Amino acid sequence: MSTPLDESEKAVLSAKHLTVCYDRKPALWEVDLEIPAQTLTAIIGPNGAGKSTFLKAALGLIPSNSGSINFFNQPYEKVKHRIAYIPQRGSVDWDYPINARDVVVMGLYKSMGLFRWVGKKERAQADEALDRVGMLAFADRQIGELSGGQQQRVFLARALVQKADLYLMDEPFVGIDATTEKVILRLMQELKTEGASVVCVHHDLPTVADYFDHIAMLNVQVVASGAMVDTFTEEALKKCYGGRSDVLTKLTDSLARLEELRRPL
Amino acid sequence: MIEWLLELRALLLAPSHNLQVIFLGVTFLGCATGFLGCFLLFRKKSLISDTVGHATLPGITLAFLLGGSLGFDEKNYALIALGGMLFGWFSSLGVKWLQVNSKIKADASLAINLTFFYAIGIVVKSIIPHSGFADSSGLEYYMFGMVASMVTDEALLILWVSLGAIVVCSLFFKELNILCFDEDFARVQGLPRRRVDEGLMFLCLLVAIIGMSTVGLLLVMAMFIIPPATARLWTQSMRPTLIISALCGALGACFGVILSATITNMPAGAAIIVSMAVIFALSLLIGLRKGILVRKLSVLKLERRLAENQFLRAAFDNLEHQQQVRLLCGLPFSKQLADVDFNPQTVVDNRCWKVSKLRSVLSRLKKQGAILVRENKLVRLTRKGMDLAIETARTHRLTELYLLEHSEVASLYIHQFVEQIEEITTPEIARELNELFEARLKEELIPLEPHEKPLS
């Protein structure tokens, strides 16, 4: 690559014409989005606006129908070691026999490589991360025995040990206690000063301007995106939360019916 | 019975060479199935493994027929094992294919595949006697297992395959661990999810095929499922789960062999599975983690403590009521109250307690030295009892007060909540409440019943 490094890394995440459909209903439609480096970005939008879908499609967890997403101007596969993802707390088996420390160690698996067993070094790293989120005292607890906020902090620690440059979080502030909220906010600031970027799906409008400095408003399409002060306006909010475009919904509905008819049984 | 015990003793003290070989084989088989089974259990693949186990039948029967028609020995072990594995693999593909390509849900897809493949196996089996190449008598050996005929080579084969499977799984422990716990995270990390899954299924199938001459292909999959489920009842972390599961597998297998060796006509395969199930049932009862007895005991303990607290608090309320007038005279009330006899029945009158419950609460409190039993069925609180009663009442009322002032629960609803206060107030919460109200309660040792207080 001949382009200078700082130039190529201006956007930590850039989506071009990204379209994702569930059963032919669009969840994301021609999304163009650039998220600059070293920002705390909130993705907001009404229910069903495709916020989580955007993160999942970006990470390849669900297939996209068209368009592309690049991280640091490269496809995800090439830079996945620089990205940490904190999912909503739904995707894990809470009854699995594992304690908080070993969950955090999982964040190191990738960098450890094949055929290596977890040792003292990895556990020490995990403990360090647990300490950073104030969970060291709970390191030996089974993960399902922790409260929702504590679980969230453990997953945060798992992301921290990955030493990523970009942290993607799916609704990290939902269903947590005040302590956890403070920890997440403190960490976001720390990460930013360390040069990393954070992208959060968020849905609590009153706090969004306090917590973040960059915003992307999503409602199937991108309504607005940019620095918080310029973008987070009443007008944009109205546009974003005013409802889905009726014509688009109707169009895709009729498209779906047509396809259904044509589909061989 | 005595005869059987004697026989058992003779068998264990001086096992024949044949029996030693069998023990060697089944021990390792049990270890491997228990070990691998843990991952099947946590990948929620227990059912599919059962389907795969049954689906080996057509492979085995076809291999039998093929071997016969090609002029091999019809009991050619390698050919039969290969056939079984091949069809086991087909069925696992079939399960997935049906789910993806039709609207049939997972459970139905599994059931369809299991019965379909098994039925094919039965059909082929019925053809064998007419084919003229082979006689089907040897087939029973694979379907139901025949431990007694295990030879040294077979036991060694089991040993090596089992050890190999355990080593491979240990090497890929990280990958299996991550996939079992958090599939999404595994995917984001770029873990070859499907390859790990298929590798696991392949290893299980391999061990199952090697082990089918022991317990038979119809039951071999139970060896993968019961030991991990047992281990789950004893521990909360993965390594002990694996070890306990492997031990349970080995133990169950050995018990089964002992049973079948000492009781005439007892098939070893079935005896092994029954032994494992018995170990499971015992664990269910006495298991440390979620054992029924442990849970029952802790519930009982909690209920007893609650009942005692409730009684003490009720006694306190009652005494306080009686002594309202004297309380206003400014005497430190705990002293006065302590010397009053009261009827325990009236204390719990509005609580609908059974006589037996009251009696047991009283006897426990007496044992703890909290009450004295006086004549005419009256009781009196001792110093210790009074202290306990005051503490309980105090915590209770502070909680109530806290809820009234700090939560958004309407005061009407507090009453519904109040009866649960004892269940949810831990010593830690009590301490915090005390700190919170410390300043206000300087003079009073204990606040009045909050919901009886006139609103100011």
# chains A, B, ... in the order shown; residues from 1 in each chain; ligands from 1
$ interface_residues --of "chain B" --to "chain A" --cutoff "6 Å" --atoms "only C-alpha atoms" --output "PyMOL selection string"
chain B and resi 171+181-182+236-238
$ residues_around --residues "Ile69 of chain A" --least-positions-apart "5" --cutoff "12 Å" --atoms "only C-alpha atoms" --output "list in words"
Ala11, Val12, Leu13, Ser14, Ala15, Lys16, His17, Leu18, Thr19, Val20, Glu30, Val31, Asp32, Leu33, Glu34, Ile35, Phe54, Leu55, Lys56, Ala57, Ala58, Leu59, Gly60, Pro63, Ser64, Gln74, Pro75, Tyr76 and Glu77 of chain A
$ select_by_dssp --residues "segment 20-236 of chain A" --states "alpha helix (DSSP H)" --output "JSON list (two decimals) with N, CA and C atoms, in the first residue's frame"
[["chain", "number", "residue", "atom", "x", "y", "z"],
["A", 51, "LYS", "N", -30.07, -1.38, 13.76],
["A", 51, "LYS", "CA", -28.82, -1.00, 14.44],
["A", 51, "LYS", "C", -27.95, -2.22, 14.72],
["A", 52, "SER", "N", -28.55, -3.22, 15.39],
["A", 52, "SER", "CA", -27.78, -4.44, 15.69],
["A", 52, "SER", "C", -27.43, -5.16, 14.40],
["A", 53, "THR", "N", -28.37, -5.12, 13.47],
["A", 53, "THR", "CA", -28.13, -5.77, 12.18],
["A", 53, "THR", "C", -26.88, -5.20, 11.52],
["A", 54, "PHE", "N", -26.72, -3.89, 11.65],
["A", 54, "PHE", "CA", -25.56, -3.26, 11.05],
["A", 54, "PHE", "C", -24.26, -3.85, 11.61],
["A", 55, "LEU", "N", -24.19, -3.94, 12.94],
["A", 55, "LEU", "CA", -22.98, -4.50, 13.55],
["A", 55, "LEU", "C", -22.77, -5.95, 13.12],
["A", 56, "LYS", "N", -23.86, -6.71, 13.16],
["A", 56, "LYS", "CA", -23.74, -8.13, 12.84],
["A", 56, "LYS", "C", -23.32, -8.34, 11.39],
["A", 57, "ALA", "N", -23.89, -7.53, 10.51],
["A", 57, "ALA", "CA", -23.52, -7.67, 9.10],
["A", 57, "ALA", "C", -22.07, -7.25, 8.90],
["A", 58, "ALA", "N", -21.66, -6.22, 9.64],
["A", 58, "ALA", "CA", -20.29, -5.75, 9.52],
["A", 58, "ALA", "C", -19.30, -6.85, 9.91],
["A", 76, "TYR", "N", -12.97, -7.26, 6.70],
["A", 76, "TYR", "CA", -12.95, -7.72, 8.08],
["A", 76, "TYR", "C", -11.97, -8.86, 8.31],
["A", 77, "GLU", "N", -11.97, -9.80, 7.38],
["A", 77, "GLU", "CA", -11.14, -11.00, 7.55],
["A", 77, "GLU", "C", -9.67, -10.66, 7.82],
["A", 78, "LYS", "N", -9.20, -9.57, 7.18],
["A", 78, "LYS", "CA", -7.78, -9.25, 7.29],
["A", 78, "LYS", "C", -7.43, -8.54, 8.60],
["A", 79, "VAL", "N", -8.41, -7.89, 9.20],
["A", 79, "VAL", "CA", -8.09, -7.06, 10.37],
["A", 79, "VAL", "C", -8.87, -7.47, 11.60],
["A", 100, "ALA", "N", -15.62, -16.53, 35.48],
["A", 100, "ALA", "CA", -15.41, -15.24, 34.83],
["A", 100, "ALA", "C", -14.02, -15.13, 34.22],
["A", 101, "ARG", "N", -13.00, -15.61, 34.96],
["A", 101, "ARG", "CA", -11.63, -15.49, 34.46],
["A", 101, "ARG", "C", -11.46, -16.22, 33.14],
["A", 102, "ASP", "N", -12.00, -17.44, 33.07],
["A", 102, "ASP", "CA", -11.82, -18.22, 31.84],
["A", 102, "ASP", "C", -12.58, -17.61, 30.67],
["A", 103, "VAL", "N", -13.68, -16.92, 30.97],
["A", 103, "VAL", "CA", -14.38, -16.23, 29.88],
["A", 103, "VAL", "C", -13.47, -15.15, 29.32],
["A", 104, "VAL", "N", -12.80, -14.42, 30.20],
["A", 104, "VAL", "CA", -11.91, -13.35, 29.73],
["A", 104, "VAL", "C", -10.73, -13.93, 28.95],
["A", 105, "VAL", "N", -10.21, -15.06, 29.43],
["A", 105, "VAL", "CA", -9.08, -15.70, 28.74],
["A", 105, "VAL", "C", -9.46, -16.04, 27.29],
["A", 109, "TYR", "N", -7.53, -16.41, 23.12],
["A", 109, "TYR", "CA", -7.38, -17.66, 22.38],
["A", 109, "TYR", "C", -6.78, -17.44, 21.00],
["A", 110, "LYS", "N", -7.32, -16.41, 20.31],
["A", 110, "LYS", "CA", -6.92, -16.21, 18.92],
["A", 110, "LYS", "C", -5.42, -15.91, 18.84],
["A", 111, "SER", "N", -4.95, -15.07, 19.75],
["A", 111, "SER", "CA", -3.54, -14.68, 19.68],
["A", 111, "SER", "C", -2.62, -15.81, 20.17],
["A", 112, "MET", "N", -3.19, -16.77, 20.91],
["A", 112, "MET", "CA", -2.36, -17.86, 21.42],
["A", 112, "MET", "C", -2.01, -18.88, 20.34],
["A", 120, "LYS", "N", -0.27, -19.55, 33.04],
["A", 120, "LYS", "CA", -0.26, -18.49, 34.04],
["A", 120, "LYS", "C", -0.31, -17.11, 33.40],
["A", 121, "LYS", "N", 0.45, -16.98, 32.31],
["A", 121, "LYS", "CA", 0.57, -15.68, 31.67],
["A", 121, "LYS", "C", -0.81, -15.18, 31.22],
["A", 122, "GLU", "N", -1.57, -16.08, 30.59],
["A", 122, "GLU", "CA", -2.88, -15.69, 30.10],
["A", 122, "GLU", "C", -3.82, -15.35, 31.25],
["A", 123, "ARG", "N", -3.74, -16.16, 32.33],
["A", 123, "ARG", "CA", -4.62, -15.89, 33.46],
["A", 123, "ARG", "C", -4.29, -14.55, 34.10],
["A", 124, "ALA", "N", -2.99, -14.24, 34.16],
["A", 124, "ALA", "CA", -2.59, -12.96, 34.75],
["A", 124, "ALA", "C", -3.13, -11.81, 33.91],
["A", 125, "GLN", "N", -3.06, -11.96, 32.59],
["A", 125, "GLN", "CA", -3.60, -10.92, 31.72],
["A", 125, "GLN", "C", -5.09, -10.74, 31.93],
["A", 126, "ALA", "N", -5.77, -11.88, 32.08],
["A", 126, "ALA", "CA", -7.22, -11.83, 32.29],
["A", 126, "ALA", "C", -7.53, -11.13, 33.61],
["A", 127, "ASP", "N", -6.76, -11.45, 34.64],
["A", 127, "ASP", "CA", -7.01, -10.83, 35.94],
["A", 127, "ASP", "C", -6.82, -9.32, 35.88],
["A", 128, "GLU", "N", -5.81, -8.93, 35.10],
["A", 128, "GLU", "CA", -5.56, -7.50, 34.95],
["A", 128, "GLU", "C", -6.79, -6.81, 34.34],
["A", 129, "ALA", "N", -7.33, -7.43, 33.28],
["A", 129, "ALA", "CA", -8.50, -6.85, 32.63],
["A", 129, "ALA", "C", -9.71, -6.85, 33.56],
["A", 130, "LEU", "N", -9.85, -7.94, 34.32],
["A", 130, "LEU", "CA", -10.97, -8.01, 35.27],
["A", 130, "LEU", "C", -10.85, -6.91, 36.31],
["A", 131, "ASP", "N", -9.63, -6.63, 36.73],
["A", 131, "ASP", "CA", -9.40, -5.59, 37.70],
["A", 131, "ASP", "C", -9.82, -4.24, 37.14],
["A", 132, "ARG", "N", -9.54, -4.06, 35.85],
["A", 132, "ARG", "CA", -9.86, -2.78, 35.21],
["A", 132, "ARG", "C", -11.36, -2.52, 35.19],
["A", 148, "GLY", "N", -26.60, -9.21, 35.78],
["A", 148, "GLY", "CA", -26.52, -8.76, 34.39],
["A", 148, "GLY", "C", -25.39, -7.78, 34.15],
["A", 149, "GLY", "N", -25.27, -6.81, 35.04],
["A", 149, "GLY", "CA", -24.22, -5.81, 34.89],
["A", 149, "GLY", "C", -22.84, -6.40, 35.04],
["A", 150, "GLN", "N", -22.72, -7.33, 35.98],
["A", 150, "GLN", "CA", -21.43, -7.97, 36.19],
["A", 150, "GLN", "C", -21.03, -8.81, 34.98],
["A", 151, "GLN", "N", -22.01, -9.49, 34.41],
["A", 151, "GLN", "CA", -21.74, -10.26, 33.20],
["A", 151, "GLN", "C", -21.25, -9.33, 32.09],
["A", 152, "GLN", "N", -21.92, -8.20, 31.97],
["A", 152, "GLN", "CA", -21.53, -7.25, 30.93],
["A", 152, "GLN", "C", -20.09, -6.81, 31.12],
["A", 153, "ARG", "N", -19.69, -6.60, 32.38],
["A", 153, "ARG", "CA", -18.32, -6.16, 32.65],
["A", 153, "ARG", "C", -17.32, -7.26, 32.32],
["A", 154, "VAL", "N", -17.71, -8.51, 32.57],
["A", 154, "VAL", "CA", -16.81, -9.62, 32.21],
["A", 154, "VAL", "C", -16.58, -9.65, 30.69],
["A", 155, "PHE", "N", -17.66, -9.44, 29.94],
["A", 155, "PHE", "CA", -17.50, -9.45, 28.49],
["A", 155, "PHE", "C", -16.70, -8.24, 28.02],
["A", 156, "LEU", "N", -16.83, -7.15, 28.74],
["A", 156, "LEU", "CA", -16.02, -5.98, 28.45],
["A", 156, "LEU", "C", -14.54, -6.31, 28.66],
["A", 157, "ALA", "N", -14.26, -7.01, 29.76],
["A", 157, "ALA", "CA", -12.88, -7.41, 30.05],
["A", 157, "ALA", "C", -12.36, -8.34, 28.96],
["A", 158, "ARG", "N", -13.24, -9.22, 28.47],
["A", 158, "ARG", "CA", -12.82, -10.12, 27.39],
["A", 158, "ARG", "C", -12.45, -9.32, 26.14],
["A", 159, "ALA", "N", -13.16, -8.23, 25.91],
["A", 159, "ALA", "CA", -12.81, -7.38, 24.77],
["A", 159, "ALA", "C", -11.49, -6.65, 25.04],
["A", 160, "LEU", "N", -11.31, -6.22, 26.29],
["A", 160, "LEU", "CA", -10.10, -5.45, 26.63],
["A", 160, "LEU", "C", -8.83, -6.25, 26.41],
["A", 178, "ALA", "N", -25.82, 0.87, 38.09],
["A", 178, "ALA", "CA", -25.14, 2.16, 38.00],
["A", 178, "ALA", "C", -23.62, 2.00, 37.97],
["A", 179, "THR", "N", -23.10, 1.05, 38.76],
["A", 179, "THR", "CA", -21.65, 0.84, 38.80],
["A", 179, "THR", "C", -21.13, 0.45, 37.42],
["A", 180, "THR", "N", -21.82, -0.50, 36.79],
["A", 180, "THR", "CA", -21.38, -0.96, 35.48],
["A", 180, "THR", "C", -21.42, 0.18, 34.47],
["A", 181, "GLU", "N", -22.46, 1.01, 34.57],
["A", 181, "GLU", "CA", -22.57, 2.12, 33.64],
["A", 181, "GLU", "C", -21.36, 3.04, 33.78],
["A", 182, "LYS", "N", -20.99, 3.33, 35.04],
["A", 182, "LYS", "CA", -19.82, 4.19, 35.26],
["A", 182, "LYS", "C", -18.56, 3.55, 34.70],
["A", 183, "VAL", "N", -18.43, 2.24, 34.93],
["A", 183, "VAL", "CA", -17.23, 1.54, 34.44],
["A", 183, "VAL", "C", -17.14, 1.63, 32.92],
["A", 184, "ILE", "N", -18.27, 1.39, 32.26],
["A", 184, "ILE", "CA", -18.25, 1.42, 30.79],
["A", 184, "ILE", "C", -17.88, 2.82, 30.30],
["A", 185, "LEU", "N", -18.48, 3.85, 30.93],
["A", 185, "LEU", "CA", -18.19, 5.21, 30.50],
["A", 185, "LEU", "C", -16.72, 5.56, 30.71],
["A", 186, "ARG", "N", -16.18, 5.15, 31.86],
["A", 186, "ARG", "CA", -14.77, 5.45, 32.14],
["A", 186, "ARG", "C", -13.88, 4.75, 31.11],
["A", 187, "LEU", "N", -14.21, 3.48, 30.85],
["A", 187, "LEU", "CA", -13.39, 2.73, 29.90],
["A", 187, "LEU", "C", -13.44, 3.35, 28.50],
["A", 188, "MET", "N", -14.63, 3.81, 28.12],
["A", 188, "MET", "CA", -14.75, 4.40, 26.78],
["A", 188, "MET", "C", -13.81, 5.59, 26.65],
["A", 189, "GLN", "N", -13.77, 6.43, 27.68],
["A", 189, "GLN", "CA", -12.86, 7.58, 27.66],
["A", 189, "GLN", "C", -11.41, 7.12, 27.62],
["A", 190, "GLU", "N", -11.08, 6.13, 28.45],
["A", 190, "GLU", "CA", -9.71, 5.62, 28.48],
["A", 190, "GLU", "C", -9.29, 5.08, 27.12],
["A", 191, "LEU", "N", -10.19, 4.31, 26.52],
["A", 191, "LEU", "CA", -9.88, 3.72, 25.22],
["A", 191, "LEU", "C", -9.64, 4.80, 24.19],
["A", 192, "LYS", "N", -10.46, 5.85, 24.27],
["A", 192, "LYS", "CA", -10.31, 6.92, 23.29],
["A", 192, "LYS", "C", -8.95, 7.60, 23.44],
["A", 193, "THR", "N", -8.56, 7.87, 24.68],
["A", 193, "THR", "CA", -7.26, 8.52, 24.88],
["A", 193, "THR", "C", -6.12, 7.59, 24.46],
["A", 205, "LEU", "N", -32.04, 7.95, 24.25],
["A", 205, "LEU", "CA", -31.77, 9.27, 23.67],
["A", 205, "LEU", "C", -31.28, 10.31, 24.68],
["A", 206, "PRO", "N", -31.84, 10.38, 25.89],
["A", 206, "PRO", "CA", -31.40, 11.44, 26.82],
["A", 206, "PRO", "C", -29.91, 11.41, 27.13],
["A", 207, "THR", "N", -29.29, 10.23, 27.10],
["A", 207, "THR", "CA", -27.88, 10.17, 27.49],
["A", 207, "THR", "C", -26.92, 10.24, 26.32],
["A", 208, "VAL", "N", -27.46, 10.14, 25.12],
["A", 208, "VAL", "CA", -26.56, 9.91, 23.97],
["A", 208, "VAL", "C", -25.56, 11.05, 23.80],
["A", 209, "ALA", "N", -26.01, 12.29, 24.01],
["A", 209, "ALA", "CA", -25.11, 13.43, 23.79],
["A", 209, "ALA", "C", -24.03, 13.51, 24.86],
["A", 210, "ASP", "N", -24.33, 13.00, 26.06],
["A", 210, "ASP", "CA", -23.33, 13.03, 27.13],
["A", 210, "ASP", "C", -22.27, 11.96, 26.96],
["A", 211, "TYR", "N", -22.69, 10.81, 26.48],
["A", 211, "TYR", "CA", -21.78, 9.67, 26.44],
["A", 211, "TYR", "C", -20.89, 9.65, 25.21],
["A", 228, "MET", "N", -21.29, 14.85, 16.99],
["A", 228, "MET", "CA", -22.49, 14.98, 17.81],
["A", 228, "MET", "C", -23.10, 16.38, 17.74],
["A", 229, "VAL", "N", -22.26, 17.41, 17.93],
["A", 229, "VAL", "CA", -22.78, 18.78, 18.01],
["A", 229, "VAL", "C", -23.51, 19.20, 16.74],
["A", 230, "ASP", "N", -23.01, 18.77, 15.59],
["A", 230, "ASP", "CA", -23.64, 19.21, 14.34],
["A", 230, "ASP", "C", -24.84, 18.35, 13.96],
["A", 231, "THR", "N", -24.78, 17.10, 14.33],
["A", 231, "THR", "CA", -25.71, 16.14, 13.75],
["A", 231, "THR", "C", -26.94, 15.89, 14.62],
["A", 234, "GLU", "N", -32.90, 18.32, 16.43],
["A", 234, "GLU", "CA", -34.30, 17.93, 16.53],
["A", 234, "GLU", "C", -34.85, 17.46, 15.19],
["A", 235, "GLU", "N", -34.43, 18.19, 14.18],
["A", 235, "GLU", "CA", -34.91, 17.88, 12.83],
["A", 235, "GLU", "C", -34.50, 16.47, 12.41],
["A", 236, "ALA", "N", -33.23, 16.17, 12.68],
["A", 236, "ALA", "CA", -32.72, 14.84, 12.31],
["A", 236, "ALA", "C", -33.43, 13.76, 13.12]]
$ residues_around --residues "Leu381 of chain B" --least-positions-apart "2" --cutoff "9 Å" --atoms "only C-alpha atoms" --output "ChimeraX atom specification"
/B:312,315,337-342,369-373,379,383-386,389
$ atom_distance --atom1 "atom CA of Gly45 of chain A" --atom2 "atom CA of Lys238 of chain A"
10.6 Å
$ decode --residues "segment 15-35 of chain A" --atoms "N, CA, C and O atoms" --output "mmCIF file, in the first residue's frame"
data_model
loop_
_atom_site.group_PDB
_atom_site.id
_atom_site.type_symbol
_atom_site.label_atom_id
_atom_site.label_comp_id
_atom_site.auth_asym_id
_atom_site.auth_seq_id
_atom_site.Cartn_x
_atom_site.Cartn_y
_atom_site.Cartn_z
ATOM 1 N N ALA A 15 -18.950 1.766 5.485
ATOM 2 C CA ALA A 15 -19.906 0.907 4.784
ATOM 3 C C ALA A 15 -20.283 1.575 3.475
ATOM 4 O O ALA A 15 -20.464 2.796 3.425
ATOM 5 N N LYS A 16 -20.363 0.762 2.422
ATOM 6 C CA LYS A 16 -20.775 1.319 1.130
ATOM 7 C C LYS A 16 -21.943 0.519 0.579
ATOM 8 O O LYS A 16 -21.841 -0.683 0.388
ATOM 9 N N HIS A 17 -23.037 1.206 0.354
ATOM 10 C CA HIS A 17 -24.244 0.604 -0.246
ATOM 11 C C HIS A 17 -24.640 -0.699 0.430
ATOM 12 O O HIS A 17 -25.007 -1.666 -0.234
ATOM 13 N N LEU A 18 -24.533 -0.745 1.718
ATOM 14 C CA LEU A 18 -24.821 -1.993 2.424
ATOM 15 C C LEU A 18 -26.331 -2.243 2.497
ATOM 16 O O LEU A 18 -27.085 -1.403 2.981
ATOM 17 N N THR A 19 -26.761 -3.385 1.989
ATOM 18 C CA THR A 19 -28.171 -3.769 2.060
ATOM 19 C C THR A 19 -28.282 -5.153 2.681
ATOM 20 O O THR A 19 -27.581 -6.074 2.278
ATOM 21 N N VAL A 20 -29.123 -5.251 3.691
ATOM 22 C CA VAL A 20 -29.345 -6.537 4.338
ATOM 23 C C VAL A 20 -30.844 -6.768 4.430
ATOM 24 O O VAL A 20 -31.590 -5.882 4.839
ATOM 25 N N CYS A 21 -31.287 -7.944 4.020
ATOM 26 C CA CYS A 21 -32.705 -8.249 4.096
ATOM 27 C C CYS A 21 -32.930 -9.501 4.934
ATOM 28 O O CYS A 21 -32.162 -10.452 4.859
ATOM 29 N N TYR A 22 -33.968 -9.452 5.722
ATOM 30 C CA TYR A 22 -34.431 -10.666 6.391
ATOM 31 C C TYR A 22 -35.675 -11.126 5.649
ATOM 32 O O TYR A 22 -36.667 -10.404 5.649
ATOM 33 N N ASP A 23 -35.617 -12.295 5.058
ATOM 34 C CA ASP A 23 -36.803 -12.786 4.355
ATOM 35 C C ASP A 23 -37.352 -11.749 3.383
ATOM 36 O O ASP A 23 -38.549 -11.496 3.322
ATOM 37 N N ARG A 24 -36.468 -11.096 2.676
ATOM 38 C CA ARG A 24 -36.813 -10.084 1.679
ATOM 39 C C ARG A 24 -37.333 -8.779 2.251
ATOM 40 O O ARG A 24 -37.693 -7.873 1.524
ATOM 41 N N LYS A 25 -37.428 -8.665 3.566
ATOM 42 C CA LYS A 25 -37.746 -7.349 4.134
ATOM 43 C C LYS A 25 -36.434 -6.667 4.448
ATOM 44 O O LYS A 25 -35.593 -7.245 5.127
ATOM 45 N N PRO A 26 -36.250 -5.460 3.948
ATOM 46 C CA PRO A 26 -34.949 -4.848 4.181
ATOM 47 C C PRO A 26 -34.793 -4.408 5.634
ATOM 48 O O PRO A 26 -35.687 -3.764 6.185
ATOM 49 N N ALA A 27 -33.675 -4.776 6.230
ATOM 50 C CA ALA A 27 -33.352 -4.267 7.553
ATOM 51 C C ALA A 27 -32.404 -3.086 7.405
ATOM 52 O O ALA A 27 -32.427 -2.148 8.183
ATOM 53 N N LEU A 28 -31.586 -3.173 6.374
ATOM 54 C CA LEU A 28 -30.700 -2.059 6.029
ATOM 55 C C LEU A 28 -30.796 -1.851 4.526
ATOM 56 O O LEU A 28 -30.806 -2.805 3.763
ATOM 57 N N TRP A 29 -30.874 -0.605 4.107
ATOM 58 C CA TRP A 29 -31.074 -0.329 2.691
ATOM 59 C C TRP A 29 -30.031 0.680 2.221
ATOM 60 O O TRP A 29 -30.056 1.823 2.650
ATOM 61 N N GLU A 30 -29.112 0.236 1.398
ATOM 62 C CA GLU A 30 -28.121 1.146 0.804
ATOM 63 C C GLU A 30 -27.459 2.044 1.838
ATOM 64 O O GLU A 30 -27.448 3.261 1.721
ATOM 65 N N VAL A 31 -26.918 1.427 2.872
ATOM 66 C CA VAL A 31 -26.319 2.221 3.944
ATOM 67 C C VAL A 31 -24.902 2.647 3.576
ATOM 68 O O VAL A 31 -24.062 1.818 3.253
ATOM 69 N N ASP A 32 -24.679 3.948 3.593
ATOM 70 C CA ASP A 32 -23.332 4.491 3.425
ATOM 71 C C ASP A 32 -22.947 5.161 4.730
ATOM 72 O O ASP A 32 -23.633 6.068 5.195
ATOM 73 N N LEU A 33 -21.849 4.702 5.319
ATOM 74 C CA LEU A 33 -21.516 5.234 6.632
ATOM 75 C C LEU A 33 -20.009 5.209 6.817
ATOM 76 O O LEU A 33 -19.353 4.233 6.482
ATOM 77 N N GLU A 34 -19.473 6.323 7.324
ATOM 78 C CA GLU A 34 -18.051 6.362 7.647
ATOM 79 C C GLU A 34 -17.899 6.747 9.109
ATOM 80 O O GLU A 34 -18.488 7.730 9.565
ATOM 81 N N ILE A 35 -17.134 5.967 9.821
ATOM 82 C CA ILE A 35 -16.892 6.305 11.219
ATOM 83 C C ILE A 35 -15.420 6.619 11.396
ATOM 84 O O ILE A 35 -14.562 5.765 11.161
#
